[in-house]
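J.: My questions will all concern the structure given below.
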Amino acid sequence: MPASLIHQANSRLTRIQCLSGNQLKMIAAVCMLIDHVTKVFYPRIMNLLRAMDFITPERYYWIHGAYMVLISIGAVAFPIFAFAFAEGYAHTHDKKRYLLRLAIFALISEIPFDITFCYQGGPEGWAPEISKYWPMDWSYQNVFFTYLCALCTLWVLEQTGKIRQKPLARLLQGIIVLGSYFFSEKILQCDYGGYGVVLILTAYALRKNRLAQIAGMTVVNLLLYENFTFVLAWCRVSFVVSLLLILLYNGKRGEKNLKAFFYAFYPAHITVLGLLDWLIFTVLGVLS
């Protein structure tokens with residue numbers, strides 16, 4: 001597509017762009033909440049229904065269908081947050097403070113994240129190799145570690161870009177991106193892993209052209225996103241919904257500064273879900 005046509009298409013987008021950054025992230029936060037509520041309580045509810053002999057093949061079909069819909073709604077969240085993170089990095093004036101804030105919230109979020117998603121329901125049934133690390137499970141980290149890895153990568157890429165020998169700079173940047181992908185995917189093992197980091201890097205690199213940004217994020221999703229095969233097609237649809245919402249972003253933050261809310265929402269809602277799970281199914285012994 002010629003550059004003039006791309007420019008015209010981007011200009012026409014401004015007519016329909018009606019979502020502020022706050023509104024976009026609020027939609028993503030609600031989707032994330034739906035996703036986490038489903039993942040925490042669906043197995044519990046299924047066990048309860050089986051104990052009551054409620055599950056029949058027909059009922060399982062409808063219950064599982066509801067589960068798939070809820071998970072698909074939840075899958076809308078991360079691409080929006082990845083886009084918002086790239087926007088936030090582009091507008092930050094203090095990268096060191098940004099880095100410190102992410103590191104603090106990554107550590108704050110890790111214990112409730114592990115207890116809620118890795119040690120679900122109390123010590124009964126924990127494998128010895130897992131339970132000895134309670135309350136931390138370093139085999140899988142929360143999404144703030146993904147953002148932290150992406151920020152460090154973007155920062156290093158910026159410094160590398162200052163090298164005068166551009167072929168050398170491009171070579172080093174490619175090595176850095178590959179290294180960041182494998183580090184986040186295989187070593188750090190954070191939520192969304194290497195896919196999440198590369199999605200953020202792509203959103204940042206193409207941020208000056210919304211259509212190119214959407215196209216780049218789509219390519220990354222098609223090439224790198226791996227999920228359980230039975231939800232993969234649903235997640236593709238969710239990704240398209242995410243992109244459509246991103247297209248509606250008007251480039252403005254919104255009237256209020258909700259940065260503190262969005263940072264606190266992640267560990268807060270996970271903590272509440274973990275406590276409810278523990279209270280209902282361990283303390284009250286609903287399934288005992």
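Chain labels A, B, ... are given in the sequence in which chains occur in the structure tokens; within each chain residues are numbered consecutively from 1, and ligands are likewise numbered from 1 in the order shown.
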Skipping near chain neighbours, those fewer than 4 positions away, what residues fall within 9 Å of stretch 29-39 of chain A using only C-alpha atoms, listed as number ranges by chain?
T.: A: 24-25, 43, 67, 70-78, 81, 117, 262, 265-266, 269-270, 273
J.: Might you pull out every residue within 10 Å of stretch 200-212 of chain A, with only C-alpha atoms counted and same-chain residues fewer than 5 positions away left off, and present them as JSON, numbers by chain?
T.: {"A": [6, 7, 9, 10, 13, 79, 80, 81, 82, 83, 84, 85, 86, 87, 88, 89, 90, 146, 147, 150, 151, 153, 154, 157, 177, 194, 195, 217, 218, 219, 220, 243, 246, 247, 249]}
J.: Using DSSP on the backbone, list every residue of stretch 91-270 of chain A that comes out as helix (DSSP H, G or I), and give them as number ranges by chain.
T.: A: 91, 95-117, 128-131, 143-160, 166-187, 193-205, 210-224, 229-247, 259-270
J.: Tell me which protein, DNA and RNA residues are within 12 Å of A:Lys256, counting only C-alpha atoms, leaving out same-chain ones fewer than 6 positions away, and put them as a PyMOL selection string.
T.: chain A and resi 20-23
J.: A:Gly254, A:Gly174, A:Pro267, A:Gly179: which is nearest A:Asn142, counting only C-alpha atoms?
T.: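 Smallest separation from A:Asn142 among the options: A:Pro267.
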J.: Mind pulling up the distance from atom CA of A:Leu224 to atom CA of A:Ser109?
T.: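 Interatomic distance, atom CA of A:Ser109 to atom CA of A:Leu224: 25.8 Å.
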J.: Give me, as a short mmCIF file (atom, residue, chain, number, x, y, z; two decimals) with all heavy atoms, in the first residue's frame, all polymer residues having an atom no more than 9 Å from A:Trp138, counting only C-alpha atoms and skipping those fewer than 3 positions away in the same chain.
T.:
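Result file follows (out24.cif):
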```cif
data_model
loop_
_atom_site.label_atom_id
_atom_site.label_comp_id
_atom_site.auth_asym_id
_atom_site.auth_seq_id
_atom_site.Cartn_x
_atom_site.Cartn_y
_atom_site.Cartn_z
N GLU A 110 3.88 -11.31 43.06
CA GLU A 110 4.28 -12.70 42.86
C GLU A 110 3.68 -13.65 43.90
O GLU A 110 3.24 -14.74 43.55
CB GLU A 110 5.81 -12.81 42.86
CG GLU A 110 6.33 -14.19 42.46
CD GLU A 110 5.90 -14.60 41.05
OE1 GLU A 110 5.56 -13.72 40.22
OE2 GLU A 110 5.91 -15.81 40.77
N ASP A 114 1.23 -16.61 42.86
CA ASP A 114 1.58 -18.01 43.05
C ASP A 114 0.57 -18.74 43.91
O ASP A 114 0.17 -19.87 43.61
CB ASP A 114 2.97 -18.11 43.68
CG ASP A 114 4.08 -17.76 42.71
OD1 ASP A 114 3.82 -17.79 41.49
OD2 ASP A 114 5.19 -17.45 43.15
N TYR A 133 8.73 -24.67 48.21
CA TYR A 133 9.00 -23.28 47.85
C TYR A 133 7.88 -22.33 48.28
O TYR A 133 7.93 -21.15 48.00
CB TYR A 133 9.21 -23.15 46.34
CG TYR A 133 10.40 -23.90 45.83
CD1 TYR A 133 10.25 -24.97 44.96
CD2 TYR A 133 11.70 -23.55 46.22
CE1 TYR A 133 11.35 -25.68 44.48
CE2 TYR A 133 12.80 -24.24 45.75
CZ TYR A 133 12.62 -25.31 44.88
OH TYR A 133 13.70 -25.99 44.42
N GLN A 141 6.15 -16.86 36.40
CA GLN A 141 6.09 -15.55 37.04
C GLN A 141 4.92 -14.72 36.49
O GLN A 141 4.44 -14.94 35.38
CB GLN A 141 7.39 -14.77 36.82
CG GLN A 141 8.67 -15.56 36.88
CD GLN A 141 8.76 -16.57 38.00
OE1 GLN A 141 8.26 -16.34 39.10
NE2 GLN A 141 9.38 -17.71 37.72
N LEU A 188 13.15 -16.90 32.62
CA LEU A 188 12.26 -16.20 33.54
C LEU A 188 10.89 -16.85 33.59
O LEU A 188 10.24 -16.88 34.64
CB LEU A 188 12.15 -14.73 33.12
CG LEU A 188 11.50 -13.77 34.11
CD1 LEU A 188 12.28 -13.76 35.42
CD2 LEU A 188 11.43 -12.37 33.53
N GLN A 189 10.43 -17.37 32.46
CA GLN A 189 9.14 -18.06 32.35
C GLN A 189 7.99 -17.21 32.92
O GLN A 189 7.25 -17.63 33.79
CB GLN A 189 9.18 -19.42 33.06
CG GLN A 189 10.20 -20.37 32.46
CD GLN A 189 10.16 -21.74 33.08
OE1 GLN A 189 9.21 -22.48 32.87
NE2 GLN A 189 11.19 -22.09 33.84
#
```
J.: Rounded to one decimal, what separation in Å do you get between atom CA of A:Asn221 and atom CA of A:Leu199?
T.: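 So the answer is 7.5 Å.
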J.: When you draw a straight line from atom CA of A:Val143 to atom CA of A:Gly196, how long is it in Å?
T.: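 Atom CA of A:Val143 sits 8.9 Å away from atom CA of A:Gly196.
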J.: Counting only C-alpha atoms, which residue out of A:Leu171, A:Met68, A:Leu99, A:Val198 sits closest to A:Trp155?
T.: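 Closest to A:Trp155 of all the choices is A:Leu99.
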J.: Find the residue from A:Leu258, A:Ala268, A:Ile187, A:Val156 that sits nearest to A:Ile111; use only C-alpha atoms when measuring.
T.: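 Result for the nearest residue to A:Ile111: A:Ala268.
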